[in-house]
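Q: Handing you a structure now.
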Amino acid sequence: KNWKLARVSIKPHASCRSTHSSIDAVDNLMAKYGFKADEIAEILIIINPFVYGMCGGTAIHPMNAAQLSIPYSVAADLVFGSASLASFTREKREDPRIAETMAKIRFEVDKHQKDDDEPIVQVTLKDGRAFETRVPMPLGSPVNPVTDEALLKKFRSVVGMVLSPADVDALAECLLSLIEVTDVRAEVAGILGRTPAHRPHRGKTRGSMLFYPSSLPLLRRASGRQRHRLLRAESRY
């Protein structure tokens, strides 16, 4: 049978999928040539018009704007060592090193590239050396899969924002052997139902409805009081 699940990609970075090949390209060049983030003088990204229009912005607030930004996502990867979800918090977005690194990134829009073409990334170092690469299929795709180790690292970085380390490990072990689980409610849901070790701030409105950074379109339909509550909740991200 032709299982469609085999075509599913796993996102190793907590940003728009169209930002991933640029992040991967910089990571690959650093791994291959051994330079560090503070040695970079400039990053040139030669990109198609469609993706540039979608992910070429430099806005960092709210969080989902940063997740749609190639400059921020690449800068976060360089400054914090990864573009994980933790790298997109307000505290991290306002780190002064982010603005300094984003200023090194510029674009060249190539109208000859197709909408689904991945960008060409050129990195120039302070000593004058320059390197170039293109990642035709971002990490996490079926033809460029993440390793089990990288997958577990992503899992722990996300789930660890809520559950305790012990519960994260228990859940990972359970899910990795899911085929052997006889009672999902007891073995999986039981872990998920435990008291969170960390409780993220959330906006709250009447009726206990929760709003997240993606709730901005609701502002257009909200009353004055509701709009105030939404904006107050949004400011936390």
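Just remember, in the structure tokens the first chain shown is A, the second B, etc., residues are 1-based per chain, and ligands are 1-based in the order shown.
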Can you tell me, as a PyMOL selection string, what residues are no more than 8 Å from stretch 140-147 of chain A when counting only C-alpha atoms, ignoring any on the same chain fewer than 4 positions away?
A: chain A and resi 6-12+151
Q: For the alpha helix (DSSP H) assignment from backbone DSSP, which residues of stretch 40-234 of chain A qualify? Please present them as a ChimeraX atom specification.
A: /A:49-55,63-67,70-80,90-93,96-102,148-159,165-176,184-187,189-192,224-234
Q: Let me make sure I understand: among A:Lys104, A:Asp183, A:Ser21, A:Ser82, which one has the smallest atom-to-atom distance to A:Leu125 if we use only C-alpha atoms?
A: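 Nearest candidate to A:Leu125 out of A:Lys104, A:Asp183, A:Ser21, A:Ser82: A:Lys104.
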Q: Find the residues near stretch 107-115 of chain A: any atom within 6 Å, counting only C-alpha atoms, skip ones fewer than 5 places away on the same chain, and give them as number ranges by chain.
A: A: 44-50
Q: Could you pull out the strand (DSSP E) residues of stretch 34-178 of chain A from DSSP and send them as a ChimeraX atom specification?
A: /A:40-47,105-109,120-125,130-134
Q: Please, what distance in Å, to one decimal, runs between atom CA of A:Leu68 and atom CA of A:Cys55?
A: 5.1 Å
Q: Can you pull out the residues contacting stretch 162-170 of chain A? Cut-off 9 Å, using only C-alpha atoms, and skip same-chain residues under 2 positions away; I want them as a count of residues only.
A: 18
Q: Could you check the closest approach to A:Ala37 for each of A:Lys1, A:Arg90, A:His13, A:Lys126 and tell me which residue wins, using only C-alpha atoms?
A: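 Answer, going by the shortest atom-to-atom distance: A:Lys126.
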Q: Smallest atom-to-atom distance to A:Thr101: which of A:Ser15, A:Thr58, A:Thr89, A:Gln122, using only C-alpha atoms?
A: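 When distances to A:Thr101 are compared using only C-alpha atoms, the smallest one comes from A:Thr58.
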